[in-house]
>>> print(open('structure.cif').read())   # mmCIF, C-alpha atoms
data_final
loop_
_atom_site.group_PDB
_atom_site.id
_atom_site.type_symbol
_atom_site.label_atom_id
_atom_site.label_comp_id
_atom_site.auth_asym_id
_atom_site.auth_seq_id
_atom_site.Cartn_x
_atom_site.Cartn_y
_atom_site.Cartn_z
ATOM 1 C CA MET A 1336 -30.551 8.324 -28.862
ATOM 2 C CA LYS A 1337 -30.312 5.135 -26.799
ATOM 3 C CA THR A 1338 -29.781 6.693 -23.362
ATOM 4 C CA LYS A 1339 -29.811 3.425 -21.382
ATOM 5 C CA SER A 1340 -27.339 1.753 -23.754
ATOM 6 C CA ILE A 1341 -24.975 4.720 -23.550
ATOM 7 C CA GLU A 1342 -25.135 4.594 -19.746
ATOM 8 C CA LEU A 1343 -24.337 0.862 -19.708
ATOM 9 C CA LEU A 1344 -21.582 1.176 -22.304
ATOM 10 C CA ASN A 1345 -19.942 3.916 -20.217
ATOM 11 C CA LYS A 1346 -20.233 1.756 -17.073
ATOM 12 C CA ALA A 1347 -18.430 -0.970 -18.998
ATOM 13 C CA ILE A 1348 -15.740 1.505 -20.085
ATOM 14 C CA ALA A 1349 -15.187 2.436 -16.415
ATOM 15 C CA ASP A 1350 -14.943 -1.265 -15.522
ATOM 16 C CA GLU A 1351 -12.482 -1.950 -18.335
ATOM 17 C CA LEU A 1352 -10.349 1.092 -17.448
ATOM 18 C CA SER A 1353 -10.101 -0.143 -13.873
ATOM 19 C CA ALA A 1354 -9.025 -3.545 -15.160
ATOM 20 C CA VAL A 1355 -6.369 -2.020 -17.436
ATOM 21 C CA HIS A 1356 -4.905 -0.011 -14.554
ATOM 22 C CA GLN A 1357 -4.973 -2.969 -12.152
ATOM 23 C CA TYR A 1358 -3.516 -5.447 -14.623
ATOM 24 C CA MET A 1359 -0.738 -3.099 -15.695
ATOM 25 C CA TYR A 1360 0.152 -2.603 -12.026
ATOM 26 C CA PHE A 1361 0.242 -6.396 -11.598
ATOM 27 C CA HIS A 1362 2.313 -6.690 -14.787
ATOM 28 C CA PHE A 1363 4.894 -4.215 -13.443
ATOM 29 C CA ARG A 1364 5.088 -5.986 -10.064
ATOM 30 C CA CYS A 1365 5.427 -9.467 -11.598
ATOM 31 C CA ASP A 1366 7.952 -8.270 -14.156
ATOM 32 C CA ASP A 1367 10.022 -6.703 -11.401
ATOM 33 C CA GLN A 1368 10.073 -10.056 -9.578
ATOM 34 C CA GLY A 1369 11.080 -11.971 -12.720
ATOM 35 C CA TYR A 1370 7.787 -13.832 -13.155
ATOM 36 C CA ASP A 1371 7.614 -13.471 -16.915
ATOM 37 C CA LEU A 1372 4.762 -15.874 -17.666
ATOM 38 C CA ILE A 1373 2.346 -14.273 -15.212
ATOM 39 C CA SER A 1374 3.645 -10.783 -15.982
ATOM 40 C CA ASN A 1375 2.966 -11.264 -19.684
ATOM 41 C CA LEU A 1376 -0.480 -12.693 -18.967
ATOM 42 C CA PHE A 1377 -1.410 -9.523 -17.070
ATOM 43 C CA LYS A 1378 0.043 -7.354 -19.840
ATOM 44 C CA ARG A 1379 -1.777 -9.210 -22.651
ATOM 45 C CA THR A 1380 -5.029 -9.091 -20.687
ATOM 46 C CA ALA A 1381 -4.645 -5.330 -20.110
ATOM 47 C CA ILE A 1382 -4.171 -4.860 -23.860
ATOM 48 C CA ALA A 1383 -7.291 -6.935 -24.560
ATOM 49 C CA GLU A 1384 -9.208 -4.765 -22.086
ATOM 50 C CA MET A 1385 -7.958 -1.651 -23.920
ATOM 51 C CA LEU A 1386 -9.407 -3.053 -27.116
ATOM 52 C CA HIS A 1387 -12.704 -3.557 -25.281
ATOM 53 C CA ILE A 1388 -12.656 0.122 -24.308
ATOM 54 C CA GLU A 1389 -12.147 1.080 -27.935
ATOM 55 C CA LEU A 1390 -15.075 -1.087 -29.059
ATOM 56 C CA LEU A 1391 -17.342 0.287 -26.347
ATOM 57 C CA ALA A 1392 -16.332 3.905 -27.031
ATOM 58 C CA GLU A 1393 -17.001 3.508 -30.754
ATOM 59 C CA ARG A 1394 -20.504 2.291 -29.951
ATOM 60 C CA VAL A 1395 -21.144 5.198 -27.558
ATOM 61 C CA LEU A 1396 -20.083 7.643 -30.260
ATOM 62 C CA PHE A 1397 -22.247 5.915 -32.869
ATOM 63 C CA LEU A 1398 -25.203 6.328 -30.510
ATOM 64 C CA LYS A 1399 -24.320 10.060 -30.310
ATOM 65 C CA GLY A 1400 -23.299 9.830 -26.670
ATOM 66 C CA GLU A 1401 -20.328 11.165 -24.754
ATOM 67 C CA VAL A 1402 -17.521 8.748 -23.877
ATOM 68 C CA GLU A 1403 -16.720 8.873 -20.160
ATOM 69 C CA LEU A 1404 -13.172 7.776 -19.370
ATOM 70 C CA LYS A 1405 -13.359 7.422 -15.602
ATOM 71 C CA ALA A 1406 -11.970 4.316 -13.965
ATOM 72 C CA GLU A 1407 -14.419 2.639 -11.612
ATOM 73 C CA GLN A 1408 -11.852 1.765 -8.925
ATOM 74 C CA GLU A 1409 -8.438 2.775 -7.666
ATOM 75 C CA VAL A 1410 -5.543 0.382 -8.191
ATOM 76 C CA GLU A 1411 -5.013 -1.979 -5.260
ATOM 77 C CA LYS A 1412 -1.341 -2.299 -4.346
ATOM 78 C CA ILE A 1413 -1.127 -6.078 -4.092
ATOM 79 C CA HIS A 1414 2.307 -7.752 -4.096
ATOM 80 C CA ASP A 1415 1.401 -11.414 -3.487
ATOM 81 C CA ILE A 1416 0.929 -13.365 -6.737
ATOM 82 C CA LYS A 1417 -1.877 -15.561 -5.372
ATOM 83 C CA GLU A 1418 -3.780 -12.475 -4.223
ATOM 84 C CA MET A 1419 -3.252 -10.859 -7.636
ATOM 85 C CA LEU A 1420 -4.666 -13.889 -9.413
ATOM 86 C CA LEU A 1421 -7.559 -14.168 -6.983
ATOM 87 C CA MET A 1422 -8.459 -10.527 -7.540
ATOM 88 C CA ALA A 1423 -8.156 -10.965 -11.318
ATOM 89 C CA CYS A 1424 -10.520 -13.958 -11.204
ATOM 90 C CA GLU A 1425 -13.022 -11.972 -9.145
ATOM 91 C CA MET A 1426 -12.804 -9.001 -11.515
ATOM 92 C CA GLU A 1427 -13.354 -11.133 -14.602
ATOM 93 C CA ALA A 1428 -16.264 -13.063 -13.070
ATOM 94 C CA SER A 1429 -17.902 -9.822 -11.956
ATOM 95 C CA SER A 1430 -17.493 -8.244 -15.393
ATOM 96 C CA ALA A 1431 -18.930 -11.296 -17.150
ATOM 97 C CA ASN A 1432 -21.917 -11.237 -14.797
ATOM 98 C CA ASP A 1433 -22.519 -7.499 -15.355
ATOM 99 C CA TYR A 1434 -22.138 -7.763 -19.120
ATOM 100 C CA ASN A 1435 -24.656 -10.619 -19.230
ATOM 101 C CA LYS A 1436 -27.183 -8.443 -17.393
ATOM 102 C CA TRP A 1437 -26.424 -5.430 -19.545
ATOM 103 C CA ALA A 1438 -26.816 -7.433 -22.756
ATOM 104 C CA ASN A 1439 -30.337 -8.297 -21.606
ATOM 105 C CA GLU A 1440 -31.081 -4.658 -20.751
ATOM 106 C CA CYS A 1441 -29.923 -3.531 -24.197
ATOM 107 C CA SER A 1442 -32.154 -6.186 -25.752
ATOM 108 C CA GLN A 1443 -35.129 -4.905 -23.759
ATOM 109 C CA ASN A 1444 -34.377 -1.414 -25.083
ATOM 110 C CA ALA A 1445 -34.275 -2.568 -28.728
ATOM 111 C CA ASP A 1446 -30.493 -2.198 -29.114
ATOM 112 C CA SER A 1447 -29.346 -5.508 -30.539
ATOM 113 C CA VAL A 1448 -25.903 -4.223 -31.579
ATOM 114 C CA SER A 1449 -24.959 -3.171 -28.032
ATOM 115 C CA LYS A 1450 -26.427 -6.481 -26.838
ATOM 116 C CA LYS A 1451 -24.084 -8.363 -29.191
ATOM 117 C CA ILE A 1452 -21.108 -6.294 -28.017
ATOM 118 C CA PHE A 1453 -21.832 -7.186 -24.397
ATOM 119 C CA GLU A 1454 -22.291 -10.856 -25.315
ATOM 120 C CA SER A 1455 -18.907 -10.907 -27.059
ATOM 121 C CA LEU A 1456 -17.325 -9.259 -24.016
ATOM 122 C CA VAL A 1457 -18.789 -11.975 -21.771
ATOM 123 C CA ALA A 1458 -16.947 -14.591 -23.828
ATOM 124 C CA ASP A 1459 -13.677 -12.645 -23.564
ATOM 125 C CA GLU A 1460 -14.036 -12.102 -19.815
ATOM 126 C CA GLU A 1461 -14.761 -15.800 -19.285
ATOM 127 C CA MET A 1462 -11.626 -16.652 -21.281
ATOM 128 C CA HIS A 1463 -9.580 -14.255 -19.120
ATOM 129 C CA PHE A 1464 -11.083 -15.815 -16.001
ATOM 130 C CA ASP A 1465 -10.049 -19.256 -17.249
ATOM 131 C CA GLN A 1466 -6.472 -18.106 -17.866
ATOM 132 C CA PHE A 1467 -6.145 -16.585 -14.387
ATOM 133 C CA ASP A 1468 -7.845 -19.605 -12.822
ATOM 134 C CA THR A 1469 -5.366 -21.909 -14.583
ATOM 135 C CA GLU A 1470 -2.480 -19.923 -13.100
ATOM 136 C CA MET A 1471 -4.097 -20.210 -9.658
ATOM 137 C CA GLU A 1472 -4.315 -23.973 -10.124
ATOM 138 C CA ASN A 1473 -0.648 -24.101 -11.182
ATOM 139 C CA LEU A 1474 0.335 -22.220 -8.026
ATOM 140 C CA LYS A 1475 -1.722 -24.601 -5.884
ATOM 141 C CA LYS A 1476 -0.259 -27.636 -7.622
ATOM 142 C CA PHE A 1477 3.391 -26.590 -7.769
ATOM 143 C CA GLY A 1478 3.646 -23.968 -5.017
ATOM 144 C CA ASP A 1479 6.475 -21.474 -4.969
ATOM 145 C CA ASN A 1480 8.480 -23.738 -7.291
ATOM 146 C CA TYR A 1481 6.186 -22.571 -10.101
ATOM 147 C CA LEU A 1482 7.273 -18.967 -9.561
ATOM 148 C CA ALA A 1483 10.918 -19.922 -9.047
ATOM 149 C CA LEU A 1484 10.974 -21.691 -12.405
ATOM 150 C CA GLN A 1485 9.717 -18.537 -14.125
ATOM 151 C CA SER A 1486 12.434 -16.479 -12.478
ATOM 152 C CA ILE A 1487 15.126 -19.019 -13.397
ATOM 153 C CA GLU A 1488 13.917 -19.088 -17.011
ATOM 154 C CA ARG A 1489 14.271 -15.303 -17.214
ATOM 155 C CA SER A 1490 17.809 -15.496 -15.838
ATOM 156 C CA LYS A 1491 18.723 -18.151 -18.414
ATOM 157 C CA ASN A 1492 17.291 -16.064 -21.242
ATOM 158 C CA MET A 1493 19.091 -12.942 -20.077
ATOM 159 C CA GLY A 1494 22.328 -14.896 -19.831
ATOM 160 C CA ILE A 1495 22.154 -15.752 -23.539
ATOM 161 C CA ASN A 1496 20.739 -12.338 -24.531
ATOM 162 C CA ARG A 1497 17.335 -13.681 -25.559
ATOM 163 C CA PRO A 1498 14.311 -11.458 -25.037
ATOM 164 C CA THR A 1499 11.926 -12.652 -22.330
ATOM 165 C CA GLU A 1500 8.700 -11.878 -24.200
#
>>> encode(input="structure.cif", output="structure tokens")
Amino acid sequence: MKTKSIELLNKAIADELSAVHQYMYFHFRCDDQGYDLISNLFKRTAIAEMLHIELLAERVLFLKGEVELKAEQEVEKIHDIKEMLLMACEMEASSANDYNKWANECSQNADSVSKKIFESLVADEEMHFDQFDTEMENLKKFGDNYLALQSIERSKNMGINRPTE
């Protein structure tokens, strides 16, 4: 049994669960305000994080370990879009950094499969970071008009009975 790998995989599950909870909270808040583009980004990212949990849990079970489904952090009740995106960027950067370290630890413990899983997660987390960072840049560039346009687009779509997703 690869005890160290199981410990790291479960730490990653806790990290991913926290991200799912936080991003779904952000999705609900943004959706409520009519910011469909950002709302859907949070929702799609939460779903991707759920798939990460599944991948990690399958590996824990293969290694004959117990899957721990405990979120690492409580959801922060943030309402400001810029603060949401800033937190999301920080979360993704932190996860990528941890997963890089943990890939190396798995390698040192002769577990190349877990190492590859962590390496693939680094790529996903960096992609998520880039998406959130792009939204931050759009907010800086266009200000509140960027959010207003999303809200107006939703109203237009609702007026002609088109779904917003």
>>> resolve_selection(input="structure.cif", expression="the PyMOL selection byres ((chain A and resi 1457) around 10)", output="list in words")
Glu1427, Ala1428, Ser1430, Ala1431, Asn1432, Asp1433, Tyr1434, Asn1435, Ala1438, Lys1451, Ile1452, Phe1453, Glu1454, Ser1455, Leu1456, Ala1458, Asp1459, Glu1460, Glu1461, Met1462 and His1463 of chain A
>>> closest_residue(input="structure.cif", among="A:Asp1465, A:Asn1444, A:Ala1406, A:Ile1416", to="Gln1368 in chain A", atoms="all atoms listed in the file")
A:Ile1416
>>> closest_residue(input="structure.cif", among="A:His1414, A:Ala1381, A:Ala1347, A:Thr1338", to="Ser1429 in chain A", atoms="all atoms listed in the file")
A:Ala1347
>>> resolve_selection(input="structure.cif", expression="the PyMOL selection byres ((chain A and resi 1396) around 12)", output="mmCIF file with C-alpha atoms, in the frame of the given file")
data_model
loop_
_atom_site.group_PDB
_atom_site.id
_atom_site.type_symbol
_atom_site.label_atom_id
_atom_site.label_comp_id
_atom_site.auth_asym_id
_atom_site.auth_seq_id
_atom_site.Cartn_x
_atom_site.Cartn_y
_atom_site.Cartn_z
ATOM 1 C CA MET A 1336 -30.551 8.324 -28.862
ATOM 2 C CA LYS A 1337 -30.312 5.135 -26.799
ATOM 3 C CA THR A 1338 -29.781 6.693 -23.362
ATOM 4 C CA SER A 1340 -27.339 1.753 -23.754
ATOM 5 C CA ILE A 1341 -24.975 4.720 -23.550
ATOM 6 C CA LEU A 1344 -21.582 1.176 -22.304
ATOM 7 C CA ASN A 1345 -19.942 3.916 -20.217
ATOM 8 C CA GLU A 1389 -12.147 1.080 -27.935
ATOM 9 C CA LEU A 1390 -15.075 -1.087 -29.059
ATOM 10 C CA LEU A 1391 -17.342 0.287 -26.347
ATOM 11 C CA ALA A 1392 -16.332 3.905 -27.031
ATOM 12 C CA GLU A 1393 -17.001 3.508 -30.754
ATOM 13 C CA ARG A 1394 -20.504 2.291 -29.951
ATOM 14 C CA VAL A 1395 -21.144 5.198 -27.558
ATOM 15 C CA PHE A 1397 -22.247 5.915 -32.869
ATOM 16 C CA LEU A 1398 -25.203 6.328 -30.510
ATOM 17 C CA LYS A 1399 -24.320 10.060 -30.310
ATOM 18 C CA GLY A 1400 -23.299 9.830 -26.670
ATOM 19 C CA GLU A 1401 -20.328 11.165 -24.754
ATOM 20 C CA VAL A 1402 -17.521 8.748 -23.877
ATOM 21 C CA GLU A 1403 -16.720 8.873 -20.160
#
>>> resolve_selection(input="structure.cif", expression="the PyMOL selection byres ((chain A and resi 1470) around 10)", output="count of residues only")
20
>>> axis_aligned_box(input="structure.cif", around="range 1383-1396 of chain A", padding_each_side="5 Å", output="AutoDock Vina command-line options")
--center_x -14.2 --center_y 0.4 --center_z -26.4 --size_x 23.9 --size_y 24.6 --size_z 18.7
>>> atom_distance(input="structure.cif", atom1="CA of Met1419 in chain A", atom2="CA of Asn1480 in chain A")
17.4 Å
>>> atom_distance(input="structure.cif", atom1="CA of Asn1439 in chain A", atom2="CA of Ile1388 in chain A")
19.8 Å
>>> closest_residue(input="structure.cif", among="A:Phe1363, A:Val1448, A:Gln1408, A:Ile1413", to="Met1426 in chain A", atoms="all atoms listed in the file")
A:Gln1408
>>> decode(input="structure.cif", residues="range 1374-1479 of chain A", atoms="C-alpha atoms", output="mmCIF file, in the first residue's frame")
data_model
loop_
_atom_site.group_PDB
_atom_site.id
_atom_site.type_symbol
_atom_site.label_atom_id
_atom_site.label_comp_id
_atom_site.auth_asym_id
_atom_site.auth_seq_id
_atom_site.Cartn_x
_atom_site.Cartn_y
_atom_site.Cartn_z
ATOM 1 C CA SER A 1374 -21.611 32.369 -13.622
ATOM 2 C CA ASN A 1375 -21.169 29.657 -16.238
ATOM 3 C CA LEU A 1376 -17.389 29.810 -15.903
ATOM 4 C CA PHE A 1377 -17.681 29.085 -12.174
ATOM 5 C CA LYS A 1378 -20.177 26.290 -12.841
ATOM 6 C CA ARG A 1379 -18.043 24.630 -15.551
ATOM 7 C CA THR A 1380 -14.957 24.893 -13.346
ATOM 8 C CA ALA A 1381 -16.815 23.305 -10.405
ATOM 9 C CA ILE A 1382 -17.818 20.413 -12.672
ATOM 10 C CA ALA A 1383 -14.204 19.996 -13.813
ATOM 11 C CA GLU A 1384 -13.130 19.929 -10.159
ATOM 12 C CA MET A 1385 -15.743 17.219 -9.488
ATOM 13 C CA LEU A 1386 -14.171 15.142 -12.226
ATOM 14 C CA HIS A 1387 -10.798 15.650 -10.535
ATOM 15 C CA ILE A 1388 -12.279 14.286 -7.305
ATOM 16 C CA GLU A 1389 -13.504 11.219 -9.156
ATOM 17 C CA LEU A 1390 -10.068 10.606 -10.689
ATOM 18 C CA LEU A 1391 -8.321 11.050 -7.352
ATOM 19 C CA ALA A 1392 -10.813 8.824 -5.504
ATOM 20 C CA GLU A 1393 -10.418 6.050 -8.077
ATOM 21 C CA ARG A 1394 -6.665 6.127 -7.521
ATOM 22 C CA VAL A 1395 -7.059 6.022 -3.724
ATOM 23 C CA LEU A 1396 -9.311 2.983 -4.051
ATOM 24 C CA PHE A 1397 -6.898 1.281 -6.450
ATOM 25 C CA LEU A 1398 -4.163 1.773 -3.852
ATOM 26 C CA LYS A 1399 -6.498 0.094 -1.306
ATOM 27 C CA GLY A 1400 -6.958 3.286 0.680
ATOM 28 C CA GLU A 1401 -10.006 4.978 2.139
ATOM 29 C CA VAL A 1402 -11.443 7.986 0.303
ATOM 30 C CA GLU A 1403 -11.844 10.957 2.646
ATOM 31 C CA LEU A 1404 -14.511 13.403 1.496
ATOM 32 C CA LYS A 1405 -13.815 16.341 3.786
ATOM 33 C CA ALA A 1406 -13.608 19.816 2.322
ATOM 34 C CA GLU A 1407 -10.460 21.674 3.312
ATOM 35 C CA GLN A 1408 -12.142 25.062 3.824
ATOM 36 C CA GLU A 1409 -15.520 26.606 4.507
ATOM 37 C CA VAL A 1410 -17.189 28.589 1.738
ATOM 38 C CA GLU A 1411 -16.387 32.302 1.874
ATOM 39 C CA LYS A 1412 -19.477 34.439 1.324
ATOM 40 C CA ILE A 1413 -18.068 36.862 -1.231
ATOM 41 C CA HIS A 1414 -20.471 39.007 -3.284
ATOM 42 C CA ASP A 1415 -18.062 41.240 -5.239
ATOM 43 C CA ILE A 1416 -17.150 39.775 -8.647
ATOM 44 C CA LYS A 1417 -13.561 41.072 -8.586
ATOM 45 C CA GLU A 1418 -13.014 39.501 -5.166
ATOM 46 C CA MET A 1419 -14.509 36.223 -6.414
ATOM 47 C CA LEU A 1420 -12.147 36.143 -9.372
ATOM 48 C CA LEU A 1421 -9.173 37.105 -7.232
ATOM 49 C CA MET A 1422 -9.937 34.297 -4.801
ATOM 50 C CA ALA A 1423 -10.408 31.844 -7.684
ATOM 51 C CA CYS A 1424 -7.012 32.819 -9.126
ATOM 52 C CA GLU A 1425 -5.374 32.346 -5.729
ATOM 53 C CA MET A 1426 -7.050 28.961 -5.253
ATOM 54 C CA GLU A 1427 -5.974 27.694 -8.661
ATOM 55 C CA ALA A 1428 -2.386 28.926 -8.276
ATOM 56 C CA SER A 1429 -2.147 27.333 -4.835
ATOM 57 C CA SER A 1430 -3.521 24.018 -6.098
ATOM 58 C CA ALA A 1431 -1.127 23.958 -9.052
ATOM 59 C CA ASN A 1432 1.784 24.637 -6.700
ATOM 60 C CA ASP A 1433 0.711 21.876 -4.276
ATOM 61 C CA TYR A 1434 0.098 19.360 -7.048
ATOM 62 C CA ASN A 1435 3.552 20.037 -8.501
ATOM 63 C CA LYS A 1436 5.112 19.281 -5.112
ATOM 64 C CA TRP A 1437 2.952 16.223 -4.598
ATOM 65 C CA ALA A 1438 3.818 14.844 -8.037
ATOM 66 C CA ASN A 1439 7.475 14.971 -6.997
ATOM 67 C CA GLU A 1440 6.714 13.267 -3.673
ATOM 68 C CA CYS A 1441 4.851 10.464 -5.449
ATOM 69 C CA SER A 1442 7.817 10.050 -7.788
ATOM 70 C CA GLN A 1443 10.170 9.768 -4.814
ATOM 71 C CA ASN A 1444 7.900 7.049 -3.413
ATOM 72 C CA ALA A 1445 7.923 5.034 -6.664
ATOM 73 C CA ASP A 1446 4.314 5.849 -7.614
ATOM 74 C CA SER A 1447 4.517 7.080 -11.184
ATOM 75 C CA VAL A 1448 0.766 6.767 -11.834
ATOM 76 C CA SER A 1449 -0.168 9.130 -8.984
ATOM 77 C CA LYS A 1450 2.659 11.400 -10.161
ATOM 78 C CA LYS A 1451 1.091 11.541 -13.639
ATOM 79 C CA ILE A 1452 -2.341 12.263 -12.154
ATOM 80 C CA PHE A 1453 -0.951 15.213 -10.207
ATOM 81 C CA GLU A 1454 0.904 16.470 -13.290
ATOM 82 C CA SER A 1455 -2.308 16.377 -15.335
ATOM 83 C CA LEU A 1456 -4.117 18.246 -12.558
ATOM 84 C CA VAL A 1457 -1.436 20.959 -12.622
ATOM 85 C CA ALA A 1458 -2.215 21.565 -16.295
ATOM 86 C CA ASP A 1459 -5.954 21.784 -15.573
ATOM 87 C CA GLU A 1460 -5.479 24.136 -12.620
ATOM 88 C CA GLU A 1461 -3.227 26.393 -14.698
ATOM 89 C CA MET A 1462 -5.903 26.484 -17.413
ATOM 90 C CA HIS A 1463 -8.534 27.430 -14.807
ATOM 91 C CA PHE A 1464 -6.211 30.120 -13.467
ATOM 92 C CA ASP A 1465 -5.834 31.518 -16.984
ATOM 93 C CA GLN A 1466 -9.607 31.644 -17.484
ATOM 94 C CA PHE A 1467 -10.186 33.474 -14.191
ATOM 95 C CA ASP A 1468 -7.233 35.774 -14.861
ATOM 96 C CA THR A 1469 -8.688 36.642 -18.279
ATOM 97 C CA GLU A 1470 -11.974 37.611 -16.625
ATOM 98 C CA MET A 1471 -10.047 39.773 -14.143
ATOM 99 C CA GLU A 1472 -8.327 41.502 -17.054
ATOM 100 C CA ASN A 1473 -11.692 42.061 -18.771
ATOM 101 C CA LEU A 1474 -13.047 43.673 -15.604
ATOM 102 C CA LYS A 1475 -9.980 45.913 -15.350
ATOM 103 C CA LYS A 1476 -10.209 46.864 -19.012
ATOM 104 C CA PHE A 1477 -13.956 47.423 -19.293
ATOM 105 C CA GLY A 1478 -15.004 48.059 -15.686
ATOM 106 C CA ASP A 1479 -18.595 47.651 -14.607
#
